$ cat input37.cif   # mmCIF, C-alpha atoms
data_work
#
loop_
_atom_site.label_atom_id
_atom_site.label_comp_id
_atom_site.auth_asym_id
_atom_site.auth_seq_id
_atom_site.Cartn_x
_atom_site.Cartn_y
_atom_site.Cartn_z
CA MET I 25 157.36 115.68 111.96
CA ASN I 26 154.00 114.53 113.34
CA PRO I 27 150.94 116.81 113.34
CA PHE I 28 151.35 117.77 117.02
CA ASP I 29 154.98 118.84 116.48
CA GLN I 30 153.89 120.83 113.44
CA LEU I 31 151.20 122.56 115.50
CA ARG I 32 153.68 123.46 118.28
CA ALA I 33 156.08 124.85 115.68
CA MET I 34 153.50 127.37 114.44
CA ASP I 35 153.17 130.86 115.82
CA GLU I 36 150.38 131.54 118.32
CA ARG I 37 148.01 133.08 115.78
CA ARG I 38 148.21 130.11 113.40
CA GLN I 39 147.86 127.70 116.31
CA MET I 40 144.64 129.41 117.38
CA PHE I 41 143.27 129.29 113.82
CA TRP I 42 143.88 125.56 113.46
CA LEU I 43 142.54 124.76 116.93
CA VAL I 44 139.31 126.64 116.19
CA PHE I 45 139.05 124.93 112.80
CA ILE I 46 139.48 121.48 114.36
CA TRP I 47 136.87 122.16 117.04
CA LEU I 48 134.39 123.42 114.44
CA LEU I 49 135.00 120.35 112.31
CA LEU I 50 134.47 118.03 115.28
CA GLY I 51 131.31 119.93 116.20
CA ALA I 52 129.91 119.53 112.68
CA VAL I 53 130.63 115.79 112.69
CA LEU I 54 128.97 115.37 116.09
CA TRP I 55 125.94 117.42 114.96
CA LEU I 56 125.47 115.24 111.88
CA TRP I 57 125.84 112.09 114.01
CA TRP I 58 123.28 113.29 116.55
CA ASP I 59 120.90 114.52 113.84
CA GLU I 60 120.93 111.06 112.27
CA ARG I 61 120.31 109.38 115.64
CA SER I 62 117.37 111.67 116.45
CA LEU I 63 115.36 111.07 113.27
CA PRO I 64 111.77 110.01 114.05
CA ASP I 65 110.76 106.37 113.70
CA ILE I 66 107.80 106.55 111.32
CA SER I 67 107.75 102.85 110.44
CA GLY I 68 104.47 100.99 110.88
CA ARG I 69 100.86 101.34 109.75
CA TRP I 70 99.01 104.66 109.90
CA ALA I 71 95.45 105.60 108.99
CA SER I 72 92.87 108.38 108.95
CA VAL I 73 90.48 108.37 111.88
CA GLY I 74 87.59 109.67 109.80
CA CYS I 75 86.67 111.46 106.61
CA GLU I 76 89.19 114.22 105.80
CA THR I 77 88.25 117.37 103.90
CA VAL I 78 91.26 118.80 102.07
CA ARG I 79 91.17 122.22 100.41
CA SER I 80 93.66 123.32 97.78
CA SER I 81 93.91 125.57 94.74
CA ASP I 82 92.32 122.73 92.73
CA GLY I 83 89.21 122.59 94.91
CA VAL I 84 87.94 120.47 97.79
CA SER I 85 88.51 116.74 98.23
CA HIS I 86 87.01 114.28 100.71
CA LEU I 87 89.18 111.28 101.43
CA LYS I 88 90.51 108.57 103.72
CA ARG I 89 94.15 107.41 103.87
CA GLU I 90 96.07 104.33 104.90
CA MET I 91 99.87 104.30 104.92
CA ARG I 92 102.49 101.64 105.57
CA LEU I 93 106.18 102.42 106.07
CA ASP I 94 109.11 100.16 106.76
CA GLY I 95 112.82 100.97 106.94
CA GLU I 96 113.14 101.77 103.24
CA ALA I 97 109.75 101.74 101.47
CA TRP I 98 106.39 103.46 101.71
CA MET I 99 102.93 102.63 100.42
CA LEU I 100 99.91 104.95 100.56
CA ARG I 101 96.28 104.14 99.75
CA ILE I 102 93.82 106.99 99.33
CA GLU I 103 90.09 106.63 98.78
CA PHE I 104 88.32 109.70 97.37
CA PHE I 105 84.62 110.36 97.95
CA ALA I 106 81.98 112.69 96.53
CA ASP I 107 80.62 113.78 99.91
CA GLU I 108 81.95 115.14 103.20
CA ARG I 109 80.87 111.99 105.07
CA CYS I 110 82.89 109.75 102.73
CA GLU I 111 79.87 107.62 101.85
CA THR I 112 79.92 107.90 98.03
CA PRO I 113 83.20 106.52 96.59
CA LEU I 114 84.77 108.09 93.52
CA LEU I 115 88.19 106.52 93.05
CA GLY I 116 91.08 104.84 94.77
CA MET I 117 94.75 105.73 94.46
CA GLU I 118 97.77 103.67 95.53
CA LEU I 119 101.31 105.03 95.55
CA GLU I 120 104.55 103.33 96.53
CA GLY I 121 108.32 103.66 96.40
CA PRO I 122 111.41 104.15 98.57
CA TYR I 123 111.78 107.04 101.01
CA ASP I 124 114.51 108.80 102.93
CA LEU I 125 114.46 110.97 106.07
CA GLY I 126 116.69 113.84 107.15
CA PRO I 127 118.11 116.22 107.90
CA LYS I 128 116.01 118.12 110.43
CA SER I 129 114.12 121.12 109.07
CA MET I 130 115.91 124.41 109.70
CA ASP I 131 112.67 126.40 109.31
CA LEU I 132 109.96 124.46 111.14
CA ARG I 133 110.43 123.36 114.74
CA GLY I 134 110.05 119.61 115.27
CA ALA I 135 109.95 118.80 111.56
CA THR I 136 112.20 116.39 109.68
CA THR I 137 112.61 116.66 105.92
CA ALA I 138 111.55 113.62 103.90
CA ARG I 139 111.84 112.53 100.27
CA PHE I 140 109.22 110.11 98.94
CA ASP I 141 110.09 108.60 95.55
CA HIS I 142 107.25 107.75 93.15
CA ARG I 143 107.96 104.31 91.70
CA LYS I 144 104.39 103.11 91.11
CA VAL I 145 100.99 104.81 91.02
CA VAL I 146 97.72 102.92 90.46
CA LEU I 147 94.23 104.40 90.03
CA THR I 148 90.97 102.48 90.50
CA PRO I 149 87.61 103.98 89.48
CA ARG I 150 84.80 103.36 91.97
CA SER I 151 82.01 104.64 89.74
CA GLU I 152 81.02 104.45 86.07
CA ALA I 153 81.46 108.22 85.78
CA MET I 154 85.11 108.00 86.90
CA ALA I 155 85.78 105.01 84.65
CA ASP I 156 84.38 106.96 81.69
CA ALA I 157 86.45 110.03 82.62
CA PHE I 158 89.67 107.98 82.78
CA SER I 159 88.85 106.30 79.46
CA SER I 160 88.11 109.63 77.74
CA ALA I 161 91.38 111.09 79.03
CA ARG I 162 93.27 108.00 77.80
CA CYS I 163 94.77 107.37 81.20
CA GLY I 164 96.56 104.04 81.48
CA ASP I 165 95.67 101.77 78.55
CA GLY I 166 92.45 103.68 77.92
CA ALA I 167 89.99 100.89 78.80
CA TRP I 168 88.73 101.34 82.35
CA LYS I 169 86.25 99.28 84.39
CA VAL I 170 84.81 100.00 87.82
CA GLY I 171 86.85 98.29 90.55
CA GLU I 172 89.81 97.46 88.28
CA GLY I 173 93.04 99.37 88.84
CA GLN I 174 95.59 100.46 86.26
CA GLU I 175 99.10 101.82 86.64
CA VAL I 176 99.47 105.45 85.53
CA THR I 177 103.02 106.11 86.75
CA GLN I 178 104.38 107.07 83.35
CA THR I 179 101.31 108.72 81.82
CA GLY I 180 99.73 110.51 84.78
CA CYS I 181 95.98 111.13 84.71
CA LEU I 182 93.68 114.16 84.63
CA GLY I 183 95.83 116.22 86.97
CA LEU I 184 95.11 113.72 89.75
CA VAL I 185 98.49 112.10 89.18
CA PRO I 186 101.46 113.87 87.57
CA THR I 187 103.76 111.89 85.30
CA VAL I 188 106.76 110.39 87.07
CA SER I 189 109.04 112.45 84.82
CA SER I 190 107.46 115.70 86.07
CA CYS I 191 107.33 114.62 89.73
CA PRO I 192 109.73 111.75 90.50
CA VAL I 193 110.05 112.77 94.16
CA GLU I 194 107.86 114.53 96.72
CA TYR I 195 109.76 116.80 99.12
CA ASP I 196 107.80 116.68 102.36
CA ILE I 197 108.20 117.11 106.11
CA VAL I 198 107.19 114.69 108.88
CA LYS I 199 106.71 114.79 112.62
CA ILE I 200 105.34 112.39 115.22
CA GLU I 201 103.36 114.10 117.96
CA ASP I 202 101.29 112.31 120.64
CA GLY I 203 100.94 109.19 118.49
CA TRP I 204 100.03 111.09 115.31
CA LEU I 205 102.09 111.16 112.11
CA CYS I 206 102.03 114.66 110.63
CA PHE I 207 102.95 115.61 107.06
CA GLY I 208 103.50 118.92 105.31
CA ASP I 209 100.84 121.09 103.72
CA ARG I 210 100.25 120.05 100.09
CA SER I 211 98.40 123.14 98.86
CA GLU I 212 101.40 124.40 96.89
CA GLY I 213 102.64 121.02 95.65
CA LEU I 214 105.61 118.98 96.78
CA CYS I 215 107.47 118.33 93.53
CA ALA I 216 109.92 121.26 93.49
CA PRO I 217 113.41 119.90 94.29
CA ASP I 218 114.53 120.62 97.86
CA ARG I 219 111.64 123.02 98.53
CA TYR I 220 109.85 121.74 101.61
CA PRO I 221 106.46 122.82 103.05
CA ALA I 222 106.51 125.76 105.45
CA ARG I 223 103.72 124.36 107.65
CA PHE I 224 102.01 121.10 108.54
CA ALA I 225 98.82 119.82 106.93
CA PRO I 226 95.66 120.06 109.06
CA HIS I 227 95.06 116.29 109.06
CA ALA I 228 97.41 113.71 110.59
CA LEU I 229 97.42 109.90 110.59
CA MET I 230 97.05 107.78 113.72
CA ARG I 231 99.14 104.67 114.28
CA ASP I 232 97.13 101.56 113.41
CA ASP I 233 98.27 98.50 115.38
CA SER I 234 95.45 96.27 114.19
#

$ encode --input "input37.cif" --output "structure tokens"
Amino acid sequence: MNPFDQLRAMDERRQMFWLVFIWLLLGAVLWLWWDERSLPDISGRWASVGCETVRSSDGVSHLKREMRLDGEAWMLRIEFFADERCETPLLGMELEGPYDLGPKSMDLRGATTARFDHRKVVLTPRSEAMADAFSSARCGDGAWKVGEGQEVTQTGCLGLVPTVSSCPVEYDIVKIEDGWLCFGDRSEGLCAPDRYPARFAPHALMRDDS
């Protein structure tokens, strides 16, 4: 007996149950298909338009960012400065790894959840004071020079970079709005599994077609 004959052989109550179940199943499949199709295209190059002041529980940072994303990988460069005009460099940070988008956020309108894996993190001191601080903290191989980067993925460094074992993935949100790429607020950290930011960060990146 084929499935349609089996359905006709059921009583009306069981027929209604199975029809509702089938429609719900089809609806869920279509929702997942549409959700996948409607994910934002964040690929390309993005950059800060000026000096950004970021406040968190750890204090205040002044920085500029550049980010490149393709279909599977991300790379972020951050330059930190001692002043709010970003004229006195302190250190550079470069992070990279694979990333994955989706599903849509259920809590924040217009947001898509995103997972950014940490595969490589490099720090570069821009001043003697930062080089000495990295050396004293035994970050990397312990011997730091101004302008020379070292990978600190496994060891972390001074609270600036967590170890990859303590934060292998950042759980973030993204949104493109009027040509700007928005990310989630980082004030409470992004390392807790499947706990995404509840609001967007105040600074966004502009697409850089240069």

$ closest_residue --input "input37.cif" --among "I:Glu96, I:Glu212, I:Glu172, I:Asp156" --to "Arg79 of chain I" --atoms "only C-alpha atoms"
I:Glu212

$ closest_residue --input "input37.cif" --among "I:Ser67, I:Cys215, I:Arg150, I:Val78" --to "Glu103 of chain I" --atoms "all atoms listed in the file"
I:Arg150

$ closest_residue --input "input37.cif" --among "I:Pro226, I:Pro113, I:Pro186, I:Gly121" --to "Thr148 of chain I" --atoms "only C-alpha atoms"
I:Pro113

$ resolve_selection --input "input37.cif" --expression "the PyMOL selection byres ((chain I and resi 192-207) around 6)" --output "PyMOL selection string"
chain I and resi 135-142+188-189+191+208+214-215+220+224-225+228-230

$ write_last_selection --input "input37.cif" --atoms "C-alpha atoms" --output "compact mmCIF listing (two decimals), keeping the file's coordinate frame"
# COMPACT_ATOMS: atom_id res chain seq x y z
CA ALA I 135 109.95 118.80 111.56
CA THR I 136 112.20 116.39 109.68
CA THR I 137 112.61 116.66 105.92
CA ALA I 138 111.55 113.62 103.90
CA ARG I 139 111.84 112.53 100.27
CA PHE I 140 109.22 110.11 98.94
CA ASP I 141 110.09 108.60 95.55
CA HIS I 142 107.25 107.75 93.15
CA VAL I 188 106.76 110.39 87.07
CA SER I 189 109.04 112.45 84.82
CA CYS I 191 107.33 114.62 89.73
CA GLY I 208 103.50 118.92 105.31
CA LEU I 214 105.61 118.98 96.78
CA CYS I 215 107.47 118.33 93.53
CA TYR I 220 109.85 121.74 101.61
CA PHE I 224 102.01 121.10 108.54
CA ALA I 225 98.82 119.82 106.93
CA ALA I 228 97.41 113.71 110.59
CA LEU I 229 97.42 109.90 110.59
CA MET I 230 97.05 107.78 113.72

$ atom_distance --input "input37.cif" --atom1 "atom CA of Val145 of chain I" --atom2 "atom CA of Leu115 of chain I"
13.1 Å

$ resolve_selection --input "input37.cif" --expression "the PyMOL selection byres ((chain I and resi 75) around 8)" --output "count of residues only"
11

$ resolve_selection --input "input37.cif" --expression "the PyMOL selection byres ((chain I and resi 177) around 7)" --output "list in words"
Lys144, Val145, Glu175, Val176, Gln178, Thr179, Gly180, Thr187 and Val188 of chain I

$ closest_residue --input "input37.cif" --among "I:Ile102, I:Leu114, I:Leu119, I:Met130" --to "Ala157 of chain I" --atoms "only C-alpha atoms"
I:Leu114

$ closest_residue --input "input37.cif" --among "I:Asp82, I:Pro149, I:Ala222, I:Glu90" --to "Cys163 of chain I" --atoms "only C-alpha atoms"
I:Pro149

$ closest_residue --input "input37.cif" --among "I:Asp65, I:Glu152, I:Glu111, I:Asp233" --to "Asp124 of chain I" --atoms "all atoms listed in the file"
I:Asp65

$ decode --input "input37.cif" --residues "segment 180-198 of chain I" --atoms "N, CA and C atoms" --output "compact mmCIF listing (two decimals), in the first residue's frame"
# COMPACT_ATOMS: atom_id res chain seq x y z
N GLY I 180 48.58 33.40 23.98
CA GLY I 180 47.90 34.61 24.38
C GLY I 180 48.91 35.67 24.81
N CYS I 181 48.43 36.83 25.27
CA CYS I 181 49.37 37.87 25.69
C CYS I 181 48.67 38.97 26.48
N LEU I 182 49.04 39.11 27.73
CA LEU I 182 48.67 40.25 28.58
C LEU I 182 47.18 40.59 28.61
N GLY I 183 46.33 39.64 28.36
CA GLY I 183 44.91 39.92 28.32
C GLY I 183 44.45 40.56 27.02
N LEU I 184 45.40 40.98 26.18
CA LEU I 184 45.04 41.53 24.87
C LEU I 184 44.51 40.43 23.96
N VAL I 185 45.12 39.27 24.07
CA VAL I 185 44.77 38.12 23.24
C VAL I 185 44.60 36.91 24.14
N PRO I 186 43.41 36.29 24.19
CA PRO I 186 43.26 35.06 24.95
C PRO I 186 43.92 33.90 24.22
N THR I 187 44.24 32.84 24.94
CA THR I 187 44.79 31.66 24.28
C THR I 187 43.71 31.04 23.39
N VAL I 188 44.13 30.36 22.35
CA VAL I 188 43.16 29.76 21.43
C VAL I 188 42.37 28.67 22.13
N SER I 189 42.94 28.05 23.16
CA SER I 189 42.21 27.01 23.89
C SER I 189 41.08 27.61 24.72
N SER I 190 41.24 28.84 25.20
CA SER I 190 40.19 29.48 26.00
C SER I 190 39.17 30.22 25.14
N CYS I 191 39.56 30.56 23.90
CA CYS I 191 38.63 31.26 23.00
C CYS I 191 38.91 30.84 21.56
N PRO I 192 38.51 29.62 21.19
CA PRO I 192 38.75 29.17 19.82
C PRO I 192 37.84 29.82 18.79
N VAL I 193 36.67 30.31 19.26
CA VAL I 193 35.68 30.89 18.35
C VAL I 193 35.07 32.12 19.00
N GLU I 194 34.83 33.16 18.19
CA GLU I 194 34.06 34.31 18.65
C GLU I 194 32.65 34.20 18.08
N TYR I 195 31.65 34.34 18.95
CA TYR I 195 30.24 34.24 18.57
C TYR I 195 29.70 35.66 18.45
N ASP I 196 29.54 36.12 17.22
CA ASP I 196 29.23 37.52 16.95
C ASP I 196 27.93 37.63 16.16
N ILE I 197 27.55 38.85 15.86
CA ILE I 197 26.43 39.13 14.96
C ILE I 197 26.92 40.11 13.90
N VAL I 198 26.30 40.08 12.71
CA VAL I 198 26.67 41.00 11.65
C VAL I 198 25.42 41.54 10.98
